[in-house]
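Asks: What follows is query.txt, made up of compact mmCIF, C-alpha atoms and all ligand atoms:
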# COMPACT_ATOMS: atom_id res chain seq x y z
CA MET A 129 -7.22 1.80 -5.77
CA ALA A 130 -10.99 2.13 -5.80
CA GLY A 131 -12.65 3.45 -2.70
CA ASP A 132 -9.71 5.33 -1.24
CA PRO A 133 -10.41 8.98 -0.32
CA LEU A 134 -8.19 10.38 -3.05
CA THR A 135 -9.81 8.36 -5.85
CA THR A 136 -13.26 9.15 -4.48
CA ALA A 137 -12.56 12.89 -4.34
CA LEU A 138 -11.19 12.95 -7.89
CA ASP A 139 -14.01 10.76 -9.24
CA GLU A 140 -16.61 13.13 -7.81
CA ILE A 141 -14.99 16.16 -9.40
CA ARG A 142 -14.52 14.34 -12.72
CA LYS A 143 -18.16 13.20 -12.71
CA ARG A 144 -19.43 16.75 -12.22
CA GLU A 145 -17.07 17.98 -14.92
CA GLN A 146 -18.13 15.33 -17.42
CA GLU A 147 -21.85 15.71 -16.80
CA ALA A 148 -21.82 19.45 -17.40
CA THR A 149 -22.44 20.89 -20.88
CA ARG A 150 -19.37 20.74 -23.10
CA GLY A 151 -17.32 23.93 -23.52
CA PRO A 152 -16.06 26.39 -24.26
CA TRP A 153 -18.24 28.65 -22.18
CA LYS A 154 -18.06 32.39 -22.33
CA VAL A 155 -19.57 35.42 -20.69
CA THR A 156 -22.14 37.16 -22.82
CA ARG A 157 -23.86 40.42 -22.13
CA GLU A 158 -27.05 41.31 -23.88
CA HIS A 159 -28.57 44.70 -23.49
CA GLY A 160 -31.47 46.61 -24.82
CA TYR A 161 -34.07 49.14 -23.81
CA ASP A 162 -37.42 48.48 -22.32
CA ILE A 163 -40.65 50.10 -23.33
CA ASP A 164 -39.94 53.11 -21.09
CA GLY A 165 -36.54 53.62 -22.69
CA ASP A 166 -34.62 52.27 -19.69
CA ARG A 167 -31.57 50.26 -20.53
CA TRP A 168 -31.35 46.66 -19.40
CA ASP A 169 -28.34 44.38 -19.20
CA LEU A 170 -28.53 40.64 -19.09
CA PRO A 171 -25.26 38.92 -18.28
CA SER A 172 -25.10 35.19 -18.92
CA VAL A 173 -22.69 32.33 -19.39
CA THR A 174 -23.22 30.76 -22.77
CA GLY A 175 -22.15 27.49 -24.35
CA PRO A 176 -20.38 26.74 -27.64
CA GLY A 177 -23.54 27.29 -29.70
CA GLY A 178 -24.36 30.54 -27.92
CA GLU A 179 -27.00 28.79 -25.82
CA ASP A 180 -27.48 29.95 -22.23
CA ILE A 181 -25.76 27.83 -19.64
CA PHE A 182 -27.19 30.16 -17.04
CA VAL A 183 -28.45 33.68 -16.94
CA ALA A 184 -27.04 35.77 -14.14
CA ASP A 185 -28.45 38.57 -12.13
CA VAL A 186 -27.78 42.04 -13.47
CA ASP A 187 -25.71 42.85 -10.38
CA GLN A 188 -23.60 39.71 -10.53
CA PRO A 189 -19.94 40.76 -10.40
CA ALA A 190 -18.16 40.20 -13.70
CA ALA A 191 -15.48 38.23 -11.87
CA ASP A 192 -18.07 35.62 -10.81
CA LEU A 193 -19.18 35.12 -14.38
CA ARG A 194 -15.60 34.84 -15.62
CA PHE A 195 -14.85 32.32 -12.92
CA ALA A 196 -17.87 30.18 -13.81
CA ALA A 197 -17.20 30.30 -17.54
CA HIS A 198 -13.50 29.50 -17.19
CA ALA A 199 -14.18 26.65 -14.77
CA ARG A 200 -15.26 24.68 -17.86
CA GLU A 201 -11.62 24.56 -19.00
CA ASP A 202 -9.87 25.18 -15.71
CA VAL A 203 -11.30 22.15 -13.90
CA PRO A 204 -10.24 19.57 -16.53
CA ARG A 205 -6.79 21.15 -16.66
CA LEU A 206 -6.42 21.03 -12.90
CA LEU A 207 -7.62 17.42 -12.86
CA ALA A 208 -5.04 16.54 -15.50
CA ALA A 209 -2.33 18.29 -13.49
CA VAL A 210 -3.25 16.41 -10.32
CA GLU A 211 -3.37 13.13 -12.23
CA ALA A 212 0.06 13.81 -13.74
CA VAL A 213 1.50 14.31 -10.26
CA LEU A 214 -0.22 11.20 -8.93
CA THR A 215 0.96 9.10 -11.87
CA LEU A 216 4.52 9.95 -10.88
CA HIS A 217 3.93 9.71 -7.15
CA SER A 218 1.88 6.53 -7.16
CA CYS A 219 1.72 3.65 -4.72
CA VAL A 220 3.25 0.52 -6.20
CA ALA A 221 3.04 -2.68 -4.22
CA TRP A 222 6.13 -4.76 -3.72
CA TYR A 223 6.20 -8.34 -2.61
CA ALA A 224 8.36 -10.71 -0.63
CA ALA A 225 10.69 -13.02 -2.52
CA ALA A 226 9.23 -16.42 -3.29
CA ASP A 227 12.21 -18.30 -1.89
CA GLY A 228 11.45 -17.18 1.65
CA CYS A 229 7.64 -17.41 1.62
CA GLU A 230 5.37 -19.88 3.33
CA HIS A 231 4.28 -21.64 0.15
CA PRO A 232 6.76 -24.30 -0.87
CA GLU A 233 6.87 -25.04 -4.57
CA PRO A 234 4.93 -28.26 -5.31
CA GLU A 235 7.28 -30.99 -6.48
CA ASP A 236 5.25 -32.20 -9.45
CA GLU A 237 5.95 -29.55 -12.08
CA ASP A 238 3.15 -30.84 -14.37
CA SER A 239 0.38 -30.65 -11.78
CA GLY A 240 -2.43 -28.11 -11.62
CA GLU A 241 -1.21 -27.34 -8.14
CA HIS A 242 2.10 -26.29 -9.61
CA ASP A 243 0.35 -24.06 -12.18
CA ASP A 244 -1.50 -22.33 -9.34
CA TRP A 245 1.74 -21.91 -7.47
CA ASN A 246 3.32 -20.34 -10.56
CA ASP A 247 0.42 -17.88 -10.84
CA ASP A 248 0.99 -16.78 -7.25
CA HIS A 249 4.77 -16.62 -7.68
CA PRO A 250 5.60 -14.78 -10.91
CA MET A 251 8.94 -13.30 -11.88
CA GLY A 252 9.25 -9.79 -10.42
CA THR A 253 10.68 -6.79 -12.27
CA THR A 254 14.04 -7.24 -10.57
CA GLY A 255 14.36 -10.79 -11.91
CA ILE A 256 13.55 -12.42 -8.59
CA GLN A 257 10.53 -14.68 -8.26
CA ILE A 258 8.04 -13.01 -5.93
CA CYS A 259 5.13 -14.15 -3.76
CA LEU A 260 1.92 -12.26 -4.59
CA LYS A 261 0.39 -13.62 -1.38
CA GLU A 262 2.85 -11.68 0.74
CA LYS A 263 2.67 -7.96 0.05
CA ALA A 264 5.72 -6.45 1.68
CA GLY A 265 4.75 -2.81 1.29
CA SER A 266 4.20 -0.01 -1.19
CA TYR A 267 6.72 2.36 -2.68
CA CYS A 268 6.72 5.58 -4.70
CA PRO A 269 8.58 5.06 -8.01
CA GLU A 270 9.33 8.77 -8.51
CA CYS A 271 10.60 9.46 -4.99
CA THR A 272 12.71 6.30 -5.20
CA ARG A 273 14.12 7.42 -8.56
CA LEU A 274 14.86 10.90 -7.19
CA ALA A 275 16.58 9.44 -4.13
CA TYR A 276 18.77 6.95 -5.96
CA GLY A 277 19.12 8.24 -9.52
CA ASP A 278 19.88 5.35 -11.81
CA ALA A 279 21.10 3.11 -9.03
CA GLU A 280 18.70 0.32 -8.19
CA PRO A 281 18.12 0.22 -4.46
CA GLU A 282 17.22 -2.89 -2.55
CA CYS A 283 13.46 -3.26 -2.07
CA GLU A 284 13.90 -2.46 1.59
CA ASP A 285 15.30 0.95 0.65
CA PHE A 286 12.43 1.97 -1.63
CA VAL A 287 10.81 5.25 -0.55
CA SER A 288 7.58 4.01 0.96
CA ALA A 289 4.20 5.07 -0.37
CA PRO A 290 2.06 7.04 -0.04
CA CYS A 291 4.97 9.50 -0.21
CA PRO A 292 4.79 13.09 1.15
CA THR A 293 3.78 14.44 -2.27
CA HIS A 294 0.92 11.96 -2.55
CA LYS A 295 -0.18 12.77 1.01
CA ALA A 296 -0.08 16.51 0.34
CA VAL A 297 -2.31 16.12 -2.73
CA LEU A 298 -4.71 13.99 -0.70
CA ALA A 299 -4.82 16.56 2.10
CA ALA A 300 -5.43 19.44 -0.31
CA LEU A 301 -8.21 17.60 -2.13
CA THR A 302 -10.04 16.22 0.86
CA GLY A 303 -9.41 19.09 3.27
CA LYS A 304 -7.92 16.67 5.77
CA GLU A 305 -4.65 16.88 7.64
CA VAL A 306 -1.65 15.25 6.07
CA PRO A 307 -1.31 11.97 8.00
CA GLY A 308 1.91 11.88 9.95
CA ALA A 309 2.94 15.41 9.01
ZN ZN A 401 6.65 10.31 -4.31
ZN ZN A 402 4.35 -17.55 -1.49
What does the file become when written as structure tokens?
Replies:
Amino acid sequence: MAGDPLTTALDEIRKREQEATRGPWKVTREHGYDIDGDRWDLPSVTGPGGEDIFVADVDQPAADLRFAAHAREDVPRLLAAVEAVLTLHSCVAWYAAADGCEHPEPEDEDSGEHDDWNDDHPMGTTGIQICLKEKAGSYCPECTRLAYGDAEPECEDFVSAPCPTHKAVLAALTGKEVPGA
């Protein structure tokens, strides 16, 4: 679903991640002595070829540098983890059965009209012809599987989507309240 807040939030993070210099990054500390014999330290985060990603201030806490350097691997991992959860807890549309919809099947089976009707009324996964013009709702495949095990519930009993897991991820990523929580 393009344009929904969850996709937008993830796309923004992924874009920043992909535009940044490739990793791994690490914390490097150079030091030496100036002309007066005073020691200097120059902490920086460097890229895979040892090039500076950025040079930090001498007083920058080491934890900040570690955090920045590890973000190069941590962010893609976290994105992958969120995507794995969302792949399980997705929103799958389900549709009304074609036999009860408002589009009677044209009588002439060889007509273009009938071809169009067929396109709008394909065979659903449960072996019942469905009407793509009448979306009945959305369900979460994983929550439905967890609730019913191997048994196949009636469409009406599907756990509706977005499910609580999906909503919790959305709330955490966008900083908004979980709707209906
Ligand atoms: Zn779910
Ligand atoms: Zn229909």
Asks: List as a count of residues only the protein and nucleic acid residues lying within 9 Å of ligand ZN 402 (chain A), with all atoms listed in the file counted.
Replies: 18
Asks: Enumerate residues in contact with ligand ZN 401 (chain A): an atom-to-atom distance of at most 12 Å, counting all atoms listed in the file. Format the result as a PyMOL selection string.
Replies: chain A and resi 213-220+266-275+286-297
Asks: Please build the interface table for stretch 132-167 of chain A against stretch 180-193 of chain A with a cut-off of 8 Å, listing for each qualifying residue the nearest atom pair and the distance in Å to one decimal; count all atoms listed in the file, order rows by chain and increasing number, and write it as JSON lines.
Replies:
{"residue": "A:Thr149", "atom": "CA", "partner": "A:Ile181", "partner_atom": "CA", "distance": 7.8}
{"residue": "A:Trp153", "atom": "CA", "partner": "A:Ile181", "partner_atom": "CA", "distance": 8.0}
{"residue": "A:Val155", "atom": "CA", "partner": "A:Leu193", "partner_atom": "CA", "distance": 6.3}
Asks: Now that the selection is made, can you save its residues with C-alpha atoms as a PDB file, in the frame of the given file?
Replies:
ATOM      1  CA  THR A 149     -22.440  20.890 -20.880  1.00  0.00           C
ATOM      2  CA  TRP A 153     -18.240  28.650 -22.180  1.00  0.00           C
ATOM      3  CA  VAL A 155     -19.570  35.420 -20.690  1.00  0.00           C
TER       4      VAL A 155
END
Asks: Just the number, please: distance in Å from atom CA of A:Leu207 to atom CA of A:Thr302, one decimal.
Replies: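 Atom-to-atom, atom CA of A:Leu207 to atom CA of A:Thr302, that is 14.0 Å.
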Asks: Between A:Asp164, A:Glu241, A:Glu305, A:Glu211, which residue has the minimum interatomic distance to A:Asp139, considering all atoms listed in the file?
Replies: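 Closest to A:Asp139 of all the choices is A:Glu211.
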Asks: Show me, as a list in words, the residues that have an atom within 12 Å of A:Gly151 when counting all atoms listed in the file, minus same-chain residues fewer than 5 positions from it.
Replies: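 My list of contacting residues is Glu145, Gln146, Val173, Thr174, Gly175, Pro176, Gly177, Gly178, Glu179, Asp180, Ile181, Ala196, Ala197, His198, Ala199, Arg200, Glu201, Asp202, Val203 and Pro204 of chain A.
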Asks: Measure the distance from atom CA of A:Ala264 to atom CA of A:Gly240 in Å and round it to one decimal.
Replies: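 Those two atoms sit 26.7 Å apart.
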Asks: Could you tell me how far atom CA of A:Leu301 sits from atom CA of A:Leu134, in Å to one decimal place?
Replies: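 For atom CA of A:Leu134 relative to atom CA of A:Leu301, the distance reads 7.3 Å.
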